[in-house]
file protein-v2.cif (mmCIF, C-alpha atoms and all ligand atoms; chains and numbers go by the auth columns)
data_work
loop_
_atom_site.group_PDB
_atom_site.id
_atom_site.type_symbol
_atom_site.label_atom_id
_atom_site.label_comp_id
_atom_site.label_asym_id
_atom_site.label_seq_id
_atom_site.Cartn_x
_atom_site.Cartn_y
_atom_site.Cartn_z
_atom_site.B_iso_or_equiv
_atom_site.auth_seq_id
_atom_site.auth_asym_id
ATOM 1 C CA MET A 1 76.111 80.222 126.174 0.00 20 D
ATOM 2 C CA ILE A 2 72.527 79.632 125.151 0.00 21 D
ATOM 3 C CA THR A 3 70.920 81.554 122.302 0.00 22 D
ATOM 4 C CA LEU A 4 67.138 81.762 122.294 0.00 23 D
ATOM 5 C CA TYR A 5 65.600 82.378 118.876 0.00 24 D
ATOM 6 C CA HIS A 6 62.698 84.591 119.744 0.00 25 D
ATOM 7 C CA ARG A 7 59.810 86.597 118.411 0.00 26 D
ATOM 8 C CA PRO A 8 58.152 88.876 120.987 0.00 27 D
ATOM 9 C CA LYS A 9 54.692 87.851 122.244 0.00 28 D
ATOM 10 C CA SER A 10 55.002 84.312 120.980 0.00 29 D
ATOM 11 C CA ARG A 11 55.623 80.841 122.359 0.00 30 D
ATOM 12 C CA SER A 12 59.292 81.765 122.796 0.00 31 D
ATOM 13 C CA THR A 13 58.459 84.326 125.509 0.00 32 D
ATOM 14 C CA ARG A 14 57.948 81.514 127.991 0.00 33 D
ATOM 15 C CA PHE A 15 61.538 80.421 127.456 0.00 34 D
ATOM 16 C CA ILE A 16 62.780 83.798 128.612 0.00 35 D
ATOM 17 C CA PHE A 17 60.663 82.993 131.695 0.00 36 D
ATOM 18 C CA LEU A 18 62.299 79.544 132.055 0.00 37 D
ATOM 19 C CA LEU A 19 65.827 80.831 131.431 0.00 38 D
ATOM 20 C CA GLU A 20 65.205 83.485 134.087 0.00 39 D
ATOM 21 C CA GLU A 21 63.957 80.818 136.506 0.00 40 D
ATOM 22 C CA LEU A 22 67.116 78.826 135.798 0.00 41 D
ATOM 23 C CA GLU A 23 69.367 81.894 136.111 0.00 42 D
ATOM 24 C CA ALA A 24 71.067 80.542 133.001 0.00 43 D
ATOM 25 C CA PRO A 25 73.454 82.553 130.838 0.00 44 D
ATOM 26 C CA TYR A 26 71.615 83.352 127.598 0.00 45 D
ATOM 27 C CA THR A 27 71.222 85.792 124.794 0.00 46 D
ATOM 28 C CA VAL A 28 68.095 86.477 122.798 0.00 47 D
ATOM 29 C CA GLN A 29 68.267 86.564 119.023 0.00 48 D
ATOM 30 C CA LEU A 30 65.227 88.144 117.435 0.00 49 D
ATOM 31 C CA VAL A 31 64.062 86.382 114.284 0.00 50 D
ATOM 32 C CA ASN A 32 61.275 86.930 111.800 0.00 51 D
ATOM 33 C CA THR A 33 58.631 84.288 111.240 0.00 52 D
ATOM 34 C CA ARG A 34 55.657 83.824 108.968 0.00 53 D
ATOM 35 C CA ASN A 35 52.612 85.785 110.120 0.00 54 D
ATOM 36 C CA ARG A 36 48.983 84.705 110.434 0.00 55 D
ATOM 37 C CA ASP A 37 47.961 86.758 107.413 0.00 56 D
ATOM 38 C CA GLY A 38 50.389 84.893 105.181 0.00 57 D
ATOM 39 C CA SER A 39 52.975 87.665 105.149 0.00 58 D
ATOM 40 C CA GLY A 40 56.517 87.245 106.404 0.00 59 D
ATOM 41 C CA ALA A 41 58.887 84.347 105.949 0.00 60 D
ATOM 42 C CA ALA A 42 60.974 81.935 107.973 0.00 61 D
ATOM 43 C CA ASP A 43 64.248 83.507 109.061 0.00 62 D
ATOM 44 C CA PRO A 44 67.306 81.660 107.713 0.00 63 D
ATOM 45 C CA ALA A 45 69.039 82.411 111.031 0.00 64 D
ATOM 46 C CA ASN A 46 66.458 80.325 112.917 0.00 65 D
ATOM 47 C CA PRO A 47 67.440 76.634 113.167 0.00 66 D
ATOM 48 C CA HIS A 48 63.860 75.381 113.686 0.00 67 D
ATOM 49 C CA PRO A 49 63.052 73.268 110.589 0.00 68 D
ATOM 50 C CA HIS A 50 59.942 75.370 109.864 0.00 69 D
ATOM 51 C CA GLY A 51 61.344 78.656 111.099 0.00 70 D
ATOM 52 C CA LYS A 52 59.085 78.575 114.165 0.00 71 D
ATOM 53 C CA VAL A 53 59.939 79.953 117.579 0.00 72 D
ATOM 54 C CA PRO A 54 61.116 78.860 120.077 0.00 73 D
ATOM 55 C CA ALA A 55 64.403 77.214 119.230 0.00 74 D
ATOM 56 C CA ILE A 56 67.659 77.355 121.131 0.00 75 D
ATOM 57 C CA SER A 57 71.302 76.754 120.408 0.00 76 D
ATOM 58 C CA ASP A 58 73.599 75.802 123.260 0.00 77 D
ATOM 59 C CA ASP A 59 77.092 76.375 121.889 0.00 78 D
ATOM 60 C CA GLY A 60 75.945 74.846 118.610 0.00 79 D
ATOM 61 C CA VAL A 61 73.637 72.171 120.053 0.00 80 D
ATOM 62 C CA VAL A 62 70.258 72.974 118.540 0.00 81 D
ATOM 63 C CA VAL A 63 67.010 72.102 120.295 0.00 82 D
ATOM 64 C CA PHE A 64 63.536 72.962 119.022 0.00 83 D
ATOM 65 C CA GLU A 65 59.918 72.321 120.091 0.00 84 D
ATOM 66 C CA SER A 66 58.812 73.534 123.505 0.00 85 D
ATOM 67 C CA PRO A 67 58.790 70.258 125.489 0.00 86 D
ATOM 68 C CA ALA A 68 62.224 69.300 124.145 0.00 87 D
ATOM 69 C CA ILE A 69 63.638 72.710 125.052 0.00 88 D
ATOM 70 C CA ALA A 70 62.080 72.572 128.528 0.00 89 D
ATOM 71 C CA LEU A 71 63.529 69.118 129.181 0.00 90 D
ATOM 72 C CA TYR A 72 66.929 70.011 127.724 0.00 91 D
ATOM 73 C CA LEU A 73 67.239 73.120 129.872 0.00 92 D
ATOM 74 C CA THR A 74 66.160 71.537 133.138 0.00 93 D
ATOM 75 C CA ASP A 75 68.582 68.637 132.557 0.00 94 D
ATOM 76 C CA ARG A 76 71.290 71.131 131.604 0.00 95 D
ATOM 77 C CA PHE A 77 70.884 73.133 134.836 0.00 96 D
ATOM 78 C CA PRO A 78 70.033 70.340 137.300 0.00 97 D
ATOM 79 C CA GLN A 79 71.042 72.331 140.370 0.00 98 D
ATOM 80 C CA LYS A 80 67.959 74.531 139.931 0.00 99 D
ATOM 81 C CA ARG A 81 65.678 71.483 140.352 0.00 100 D
ATOM 82 C CA LEU A 82 63.126 72.703 137.853 0.00 101 D
ATOM 83 C CA GLY A 83 62.677 69.247 136.338 0.00 102 D
ATOM 84 C CA PRO A 84 63.044 65.808 137.882 0.00 103 D
ATOM 85 C CA LEU A 85 66.171 64.000 136.679 0.00 104 D
ATOM 86 C CA PRO A 86 66.419 60.336 135.577 0.00 105 D
ATOM 87 C CA GLY A 87 66.002 58.186 138.666 0.00 106 D
ATOM 88 C CA GLU A 88 63.763 60.652 140.499 0.00 107 D
ATOM 89 C CA ALA A 89 60.275 59.399 141.284 0.00 108 D
ATOM 90 C CA ASP A 90 58.412 62.074 139.354 0.00 109 D
ATOM 91 C CA ARG A 91 60.561 61.917 136.194 0.00 110 D
ATOM 92 C CA GLY A 92 57.907 59.788 134.485 0.00 111 D
ATOM 93 C CA ALA A 93 55.151 62.257 135.308 0.00 112 D
ATOM 94 C CA TYR A 94 57.358 65.118 134.140 0.00 113 D
ATOM 95 C CA LEU A 95 58.057 63.532 130.743 0.00 114 D
ATOM 96 C CA SER A 96 54.421 62.518 130.347 0.00 115 D
ATOM 97 C CA TRP A 97 52.969 65.958 131.032 0.00 116 D
ATOM 98 C CA LEU A 98 55.585 67.666 128.846 0.00 117 D
ATOM 99 C CA ALA A 99 54.689 65.356 125.950 0.00 118 D
ATOM 100 C CA TYR A 100 50.959 65.688 126.693 0.00 119 D
ATOM 101 C CA TYR A 101 51.264 69.435 126.442 0.00 120 D
ATOM 102 C CA THR A 102 52.425 69.395 122.851 0.00 121 D
ATOM 103 C CA GLY A 103 50.803 66.156 121.716 0.00 122 D
ATOM 104 C CA VAL A 104 47.328 66.570 123.175 0.00 123 D
ATOM 105 C CA LEU A 105 46.598 69.847 124.966 0.00 124 D
ATOM 106 C CA GLU A 106 47.881 72.278 122.325 0.00 125 D
ATOM 107 C CA PRO A 107 46.178 70.514 119.401 0.00 126 D
ATOM 108 C CA SER A 108 42.945 70.356 121.411 0.00 127 D
ATOM 109 C CA LEU A 109 43.124 74.090 122.177 0.00 128 D
ATOM 110 C CA MET A 110 44.021 75.021 118.619 0.00 129 D
ATOM 111 C CA SER A 111 41.294 72.779 117.176 0.00 130 D
ATOM 112 C CA LYS A 112 38.736 74.548 119.354 0.00 131 D
ATOM 113 C CA PHE A 113 40.190 78.003 118.767 0.00 132 D
ATOM 114 C CA MET A 114 40.105 77.533 114.993 0.00 133 D
ATOM 115 C CA SER A 115 36.708 75.766 115.022 0.00 134 D
ATOM 116 C CA VAL A 116 38.200 72.639 113.518 0.00 135 D
ATOM 117 C CA GLU A 117 36.367 69.526 114.565 0.00 136 D
ATOM 118 C CA VAL A 118 38.630 66.915 116.168 0.00 137 D
ATOM 119 C CA PRO A 119 38.408 64.039 113.655 0.00 138 D
ATOM 120 C CA ARG A 120 37.896 61.438 116.363 0.00 139 D
ATOM 121 C CA GLY A 121 38.970 60.892 119.935 0.00 140 D
ATOM 122 C CA THR A 122 40.953 57.856 118.846 0.00 141 D
ATOM 123 C CA ALA A 123 43.242 60.068 116.744 0.00 142 D
ATOM 124 C CA GLY A 124 46.437 61.428 118.288 0.00 143 D
ATOM 125 C CA TRP A 125 44.677 64.073 120.332 0.00 144 D
ATOM 126 C CA VAL A 126 41.229 64.591 121.815 0.00 145 D
ATOM 127 C CA ALA A 127 38.686 67.394 121.979 0.00 146 D
ATOM 128 C CA LEU A 128 39.292 70.176 124.515 0.00 147 D
ATOM 129 C CA GLU A 129 36.231 68.952 126.433 0.00 148 D
ATOM 130 C CA GLU A 130 38.105 65.705 127.047 0.00 149 D
ATOM 131 C CA ALA A 131 41.616 67.145 127.538 0.00 150 D
ATOM 132 C CA LEU A 132 40.712 69.864 130.036 0.00 151 D
ATOM 133 C CA PRO A 133 39.222 67.576 132.701 0.00 152 D
ATOM 134 C CA ALA A 134 42.427 65.518 132.567 0.00 153 D
ATOM 135 C CA VAL A 135 44.559 68.605 133.193 0.00 154 D
ATOM 136 C CA ILE A 136 42.191 70.023 135.801 0.00 155 D
ATOM 137 C CA GLY A 137 42.156 66.632 137.528 0.00 156 D
ATOM 138 C CA ARG A 138 45.927 66.743 137.675 0.00 157 D
ATOM 139 C CA LEU A 139 46.002 70.326 138.983 0.00 158 D
ATOM 140 C CA SER A 140 43.451 69.503 141.649 0.00 159 D
ATOM 141 C CA LEU A 141 46.056 67.233 143.276 0.00 160 D
ATOM 142 C CA GLY A 142 48.444 70.058 144.095 0.00 161 D
ATOM 143 C CA PRO A 143 49.444 73.591 143.188 0.00 162 D
ATOM 144 C CA TYR A 144 51.589 72.476 140.230 0.00 163 D
ATOM 145 C CA VAL A 145 51.593 69.871 137.472 0.00 164 D
ATOM 146 C CA LEU A 146 53.980 67.767 139.592 0.00 165 D
ATOM 147 C CA GLY A 147 52.091 68.338 142.826 0.00 166 D
ATOM 148 C CA GLU A 148 54.047 70.405 145.334 0.00 167 D
ATOM 149 C CA ARG A 149 56.988 70.934 142.997 0.00 168 D
ATOM 150 C CA PHE A 150 57.107 73.798 140.486 0.00 169 D
ATOM 151 C CA SER A 151 58.752 72.650 137.246 0.00 170 D
ATOM 152 C CA ALA A 152 59.282 73.659 133.638 0.00 171 D
ATOM 153 C CA ALA A 153 56.021 71.850 132.861 0.00 172 D
ATOM 154 C CA ASP A 154 54.276 74.717 134.702 0.00 173 D
ATOM 155 C CA VAL A 155 56.039 77.213 132.466 0.00 174 D
ATOM 156 C CA LEU A 156 54.332 75.554 129.482 0.00 175 D
ATOM 157 C CA TYR A 157 50.914 74.951 131.041 0.00 176 D
ATOM 158 C CA GLY A 158 50.808 78.164 133.060 0.00 177 D
ATOM 159 C CA THR A 159 51.693 80.494 130.192 0.00 178 D
ATOM 160 C CA THR A 160 49.312 78.707 127.840 0.00 179 D
ATOM 161 C CA PHE A 161 46.408 78.982 130.271 0.00 180 D
ATOM 162 C CA ALA A 162 47.366 82.580 131.008 0.00 181 D
ATOM 163 C CA MET A 163 46.828 83.258 127.315 0.00 182 D
ATOM 164 C CA PHE A 164 43.618 81.248 126.917 0.00 183 D
ATOM 165 C CA ALA A 165 41.987 81.501 130.381 0.00 184 D
ATOM 166 C CA GLN A 166 39.758 84.445 129.420 0.00 185 D
ATOM 167 C CA ALA A 167 39.061 83.215 125.888 0.00 186 D
ATOM 168 C CA PRO A 168 35.460 82.245 125.100 0.00 187 D
ATOM 169 C CA ILE A 169 36.608 78.745 124.093 0.00 188 D
ATOM 170 C CA MET A 170 37.738 78.029 127.661 0.00 189 D
ATOM 171 C CA PRO A 171 35.138 76.784 130.117 0.00 190 D
ATOM 172 C CA LYS A 172 35.460 78.618 133.451 0.00 191 D
ATOM 173 C CA SER A 173 37.576 76.722 135.951 0.00 192 D
ATOM 174 C CA ALA A 174 38.515 78.067 139.378 0.00 193 D
ATOM 175 C CA ILE A 175 41.371 75.560 139.498 0.00 194 D
ATOM 176 C CA ILE A 176 42.880 76.889 136.290 0.00 195 D
ATOM 177 C CA GLU A 177 42.318 80.517 137.286 0.00 196 D
ATOM 178 C CA GLU A 178 44.102 80.000 140.623 0.00 197 D
ATOM 179 C CA TYR A 179 46.861 78.074 138.877 0.00 198 D
ATOM 180 C CA VAL A 180 47.454 80.892 136.380 0.00 199 D
ATOM 181 C CA LYS A 181 47.616 83.432 139.234 0.00 200 D
ATOM 182 C CA ARG A 182 50.308 81.320 140.937 0.00 201 D
ATOM 183 C CA ILE A 183 52.415 81.060 137.797 0.00 202 D
ATOM 184 C CA VAL A 184 52.215 84.689 136.659 0.00 203 D
ATOM 185 C CA ALA A 185 53.035 85.887 140.184 0.00 204 D
ATOM 186 C CA ARG A 186 56.522 84.443 139.885 0.00 205 D
ATOM 187 C CA PRO A 187 59.251 87.109 139.736 0.00 206 D
ATOM 188 C CA ALA A 188 60.886 85.371 136.750 0.00 207 D
ATOM 189 C CA TYR A 189 57.648 85.780 134.785 0.00 208 D
ATOM 190 C CA ALA A 190 57.661 89.527 135.417 0.00 209 D
ATOM 191 C CA ARG A 191 61.345 89.714 134.479 0.00 210 D
ATOM 192 C CA ALA A 192 60.636 87.885 131.227 0.00 211 D
ATOM 193 C CA LEU A 193 57.853 90.271 130.262 0.00 212 D
ATOM 194 C CA ALA A 194 60.028 93.258 131.142 0.00 213 D
ATOM 195 C CA LYS A 195 62.938 91.938 129.060 0.00 214 D
ATOM 196 C CA GLU A 196 60.680 91.243 126.149 0.00 215 D
ATOM 197 C CA THR A 197 59.360 94.777 126.001 0.00 216 D
ATOM 198 C CA ALA A 198 62.657 96.482 126.893 0.00 217 D
HETATM 199 N N1 LIG B . 55.078 73.066 118.355 0.00 1 Q
HETATM 200 C C1 LIG B . 55.853 74.289 118.483 0.00 1 Q
HETATM 201 C C2 LIG B . 54.976 75.432 118.032 0.00 1 Q
HETATM 202 C C3 LIG B . 55.788 76.670 117.733 0.00 1 Q
HETATM 203 C C4 LIG B . 54.964 77.724 117.001 0.00 1 Q
HETATM 204 O O1 LIG B . 53.970 77.421 116.343 0.00 1 Q
HETATM 205 N N2 LIG B . 55.390 78.968 117.128 0.00 1 Q
HETATM 206 C C5 LIG B . 54.728 80.063 116.434 0.00 1 Q
HETATM 207 C C6 LIG B . 54.792 81.327 117.279 0.00 1 Q
HETATM 208 S S1 LIG B . 53.808 81.263 118.730 0.00 1 Q
HETATM 209 C C7 LIG B . 55.489 80.380 115.150 0.00 1 Q
HETATM 210 O O2 LIG B . 56.702 80.389 115.144 0.00 1 Q
HETATM 211 N N3 LIG B . 54.733 80.698 114.102 0.00 1 Q
HETATM 212 C C8 LIG B . 55.314 81.178 112.864 0.00 1 Q
HETATM 213 C C9 LIG B . 55.422 80.085 111.824 0.00 1 Q
HETATM 214 O O3 LIG B . 54.899 78.991 112.032 0.00 1 Q
HETATM 215 O O4 LIG B . 56.038 80.323 110.808 0.00 1 Q
HETATM 216 C C10 LIG B . 56.288 74.464 119.951 0.00 1 Q
HETATM 217 O O5 LIG B . 55.491 74.159 120.845 0.00 1 Q
HETATM 218 O O6 LIG B . 57.416 74.900 120.224 0.00 1 Q
#

call {"tool": "encode", "arguments": {"input": "protein-v2.cif", "output": "structure tokens"}}
result
Amino acid sequence: MITLYHRPKSRSTRFIFLLEELEAPYTVQLVNTRNRDGSGAADPANPHPHGKVPAISDDGVVVFESPAIALYLTDRFPQKRLGPLPGEADRGAYLSWLAYYTGVLEPSLMSKFMSVEVPRGTAGWVALEEALPAVIGRLSLGPYVLGERFSAADVLYGTTFAMFAQAPIMPKSAIIEEYVKRIVARPAYARALAKETA
């Protein structure tokens, strides 16, 4: 049984979405985290090393950080075909775009959102103005990050763009807007939001 360590309306919500897509057996354990205003504290029950959400435990096997959890879950429930397996042609693209999400896209979005100048494009991540065209270029090849195939990578990218698409920091992009519509129209997304607010 999988336990999702969760705080409502946070990055862990998208893992309710993924677990619903996978029709996996899971329970949600609500945890406290630090808050933006400096209040709150990491919850000792949460196995993430900094008390962040999401984290999961699969009968004692702990996985934290969104791309790792996405990969772990799609490997764990291969019959749902929500992530290419080793040996499949698009496994490389899958791993790359999962890692890009956390290594480049998120830092670029957060840098912009918090008005922090990206030190230089040769650092580990790039400015949003450089990252977005790469993602939009990818999404212009097909409806999903992996082309015709919906995967857990879309759970990460789709929910992130759903959150930021209307933000002033985001340049308007019809490709991203259509992409977000496709992702949030999925029944598992609606189920996740309903479970979160239940
Ligand atoms: N790199 C992590 C980021 C997780 C993260 O920052 N989560 C936020 C909630 S959206 C959090 O737990 N913040 C509270 C804290 O950092 O103490 C991932 O992608 O999974």

call {"tool": "closest_atom_pairs", "arguments": {"input": "protein-v2.cif", "of": "chain D", "to": "ligand LIG 1 (chain Q)", "cutoff": "9 Å", "atoms": "all atoms listed in the file", "output": "CSV"}}
result
residue,atom,partner,partner_atom,distance
D:His25,CA,Q:LIG1,O2,8.6
D:Arg26,CA,Q:LIG1,C6,7.4
D:Lys28,CA,Q:LIG1,S1,7.5
D:Ser29,CA,Q:LIG1,S1,4.0
D:Arg30,CA,Q:LIG1,S1,4.1
D:Ser31,CA,Q:LIG1,S1,6.8
D:Thr32,CA,Q:LIG1,S1,8.8
D:Asn51,CA,Q:LIG1,C8,8.4
D:Thr52,CA,Q:LIG1,O4,4.8
D:Arg53,CA,Q:LIG1,O4,4.0
D:Asn54,CA,Q:LIG1,C8,6.0
D:Arg55,CA,Q:LIG1,C8,7.6
D:Gly59,CA,Q:LIG1,O4,8.2
D:Ala60,CA,Q:LIG1,O4,6.9
D:Ala61,CA,Q:LIG1,O4,5.9
D:Asp62,CA,Q:LIG1,O4,9.0
D:His67,CA,Q:LIG1,O2,8.9
D:His69,CA,Q:LIG1,O4,6.4
D:Gly70,CA,Q:LIG1,O4,5.6
D:Lys71,CA,Q:LIG1,O2,3.2
D:Val72,CA,Q:LIG1,O2,4.1
D:Pro73,CA,Q:LIG1,O6,5.4
D:Ala74,CA,Q:LIG1,O6,7.4
D:Phe83,CA,Q:LIG1,O6,6.5
D:Glu84,CA,Q:LIG1,O6,3.6
D:Ser85,CA,Q:LIG1,O6,3.8
D:Pro86,CA,Q:LIG1,O5,6.9
D:Ala87,CA,Q:LIG1,O6,8.4
D:Ile88,CA,Q:LIG1,O6,8.2
D:Tyr120,CA,Q:LIG1,O5,8.5
D:Thr121,CA,Q:LIG1,O5,6.0
D:Gly122,CA,Q:LIG1,N1,8.8
D:Glu125,CA,Q:LIG1,O5,8.0
D:Leu175,CA,Q:LIG1,O5,8.8

call {"tool": "residues_around", "arguments": {"input": "protein-v2.cif", "residues": "D:Ala146", "least_positions_apart": "3", "cutoff": "6 Å", "atoms": "only C-alpha atoms", "output": "list in words"}}
result
Ser127, Val137 and Glu149 of chain D

call {"tool": "resolve_selection", "arguments": {"input": "protein-v2.cif", "expression": "the PyMOL selection byres (((chain D and resi 79) around 12) and not hetatm)", "output": "ChimeraX atom specification"}}
result
/D:20-23,66,74-78,80-82

call {"tool": "atom_distance", "arguments": {"input": "protein-v2.cif", "atom1": "atom CA of D:Val135", "atom2": "atom CA of D:Glu197"}}
result
28.7 Å

call {"tool": "resolve_selection", "arguments": {"input": "protein-v2.cif", "expression": "the PyMOL selection byres (((chain D and resi 207) around 6) and not hetatm)", "output": "list in words"}}
result
Phe36, Glu39, Glu40, Arg205, Pro206, Tyr208, Ala209 and Arg210 of chain D

call {"tool": "atom_distance", "arguments": {"input": "protein-v2.cif", "atom1": "atom CA of D:Ser134", "atom2": "atom CA of D:Leu212"}}
result
29.8 Å

call {"tool": "closest_residue", "arguments": {"input": "protein-v2.cif", "among": "D:Tyr163, D:Phe96, D:Phe169, D:Trp144", "to": "D:Glu42", "atoms": "all atoms listed in the file"}}
result
D:Phe96

call {"tool": "closest_residue", "arguments": {"input": "protein-v2.cif", "among": "D:Leu38, D:Ala186, D:Ala142, D:Leu151", "to": "D:Arg95", "atoms": "only C-alpha atoms"}}
result
D:Leu38

call {"tool": "atom_distance", "arguments": {"input": "protein-v2.cif", "atom1": "atom CA of D:Val203", "atom2": "atom CA of D:Ile155"}}
result
17.8 Å

call {"tool": "residues_near_point", "arguments": {"input": "protein-v2.cif", "point": "(59.9, 70.7, 133.5)", "cutoff": "10 Å", "atoms": "only C-alpha atoms", "output": "NGL selection string"}}
result
:D and (37 or 86-94 or 100-104 or 110 or 112-114 or 116-117 or 164-165 or 168-175)

call {"tool": "residues_around", "arguments": {"input": "protein-v2.cif", "residues": "stretch 177-185 of chain D", "least_positions_apart": "5", "cutoff": "9 Å", "atoms": "only C-alpha atoms", "output": "NGL selection string"}}
result
:D and (30 or 33 or 125 or 128 or 172 or 190-192 or 195-196 or 198-203)

call {"tool": "closest_residue", "arguments": {"input": "protein-v2.cif", "among": "D:Ala108, D:Ala217, D:Ala204, D:Ala211", "to": "D:Ile35", "atoms": "only C-alpha atoms"}}
result
D:Ala211

call {"tool": "closest_residue", "arguments": {"input": "protein-v2.cif", "among": "D:Asn65, D:Gln48, D:Gln98, D:Ser159", "to": "D:Ala193", "atoms": "only C-alpha atoms"}}
result
D:Ser159

call {"tool": "build_atoms", "arguments": {"input": "protein-v2.cif", "residues": "stretch 85-99 of chain D", "atoms": "N, CA and C atoms", "output": "tab-separated table (two decimals), in the frame of the given file"}}
result
chain	number	residue	atom	x	y	z
D	85	SER	N	58.85	73.11	122.10
D	85	SER	CA	58.81	73.53	123.50
D	85	SER	C	59.11	72.44	124.54
D	86	PRO	N	58.49	71.25	124.45
D	86	PRO	CA	58.79	70.26	125.49
D	86	PRO	C	60.25	69.81	125.47
D	87	ALA	N	60.82	69.72	124.25
D	87	ALA	CA	62.22	69.30	124.14
D	87	ALA	C	63.13	70.37	124.76
D	88	ILE	N	62.80	71.62	124.50
D	88	ILE	CA	63.64	72.71	125.05
D	88	ILE	C	63.51	72.74	126.58
D	89	ALA	N	62.28	72.57	127.07
D	89	ALA	CA	62.08	72.57	128.53
D	89	ALA	C	62.90	71.45	129.18
D	90	LEU	N	62.81	70.26	128.61
D	90	LEU	CA	63.53	69.12	129.18
D	90	LEU	C	65.03	69.33	129.08
D	91	TYR	N	65.49	69.79	127.92
D	91	TYR	CA	66.93	70.01	127.72
D	91	TYR	C	67.46	70.99	128.77
D	92	LEU	N	66.73	72.08	128.96
D	92	LEU	CA	67.24	73.12	129.87
D	92	LEU	C	67.22	72.67	131.33
D	93	THR	N	66.19	71.94	131.72
D	93	THR	CA	66.16	71.54	133.14
D	93	THR	C	67.19	70.44	133.41
D	94	ASP	N	67.48	69.62	132.40
D	94	ASP	CA	68.58	68.64	132.56
D	94	ASP	C	69.94	69.36	132.57
D	95	ARG	N	70.01	70.41	131.77
D	95	ARG	CA	71.29	71.13	131.60
D	95	ARG	C	71.65	71.91	132.87
D	96	PHE	N	70.64	72.37	133.60
D	96	PHE	CA	70.88	73.13	134.84
D	96	PHE	C	70.22	72.41	136.01
D	97	PRO	N	70.72	71.20	136.32
D	97	PRO	CA	70.03	70.34	137.30
D	97	PRO	C	69.99	70.94	138.70
D	98	GLN	N	70.97	71.79	139.00
D	98	GLN	CA	71.04	72.33	140.37
D	98	GLN	C	69.84	73.21	140.70
D	99	LYS	N	69.14	73.68	139.67
D	99	LYS	CA	67.96	74.53	139.93
D	99	LYS	C	66.72	73.71	140.24
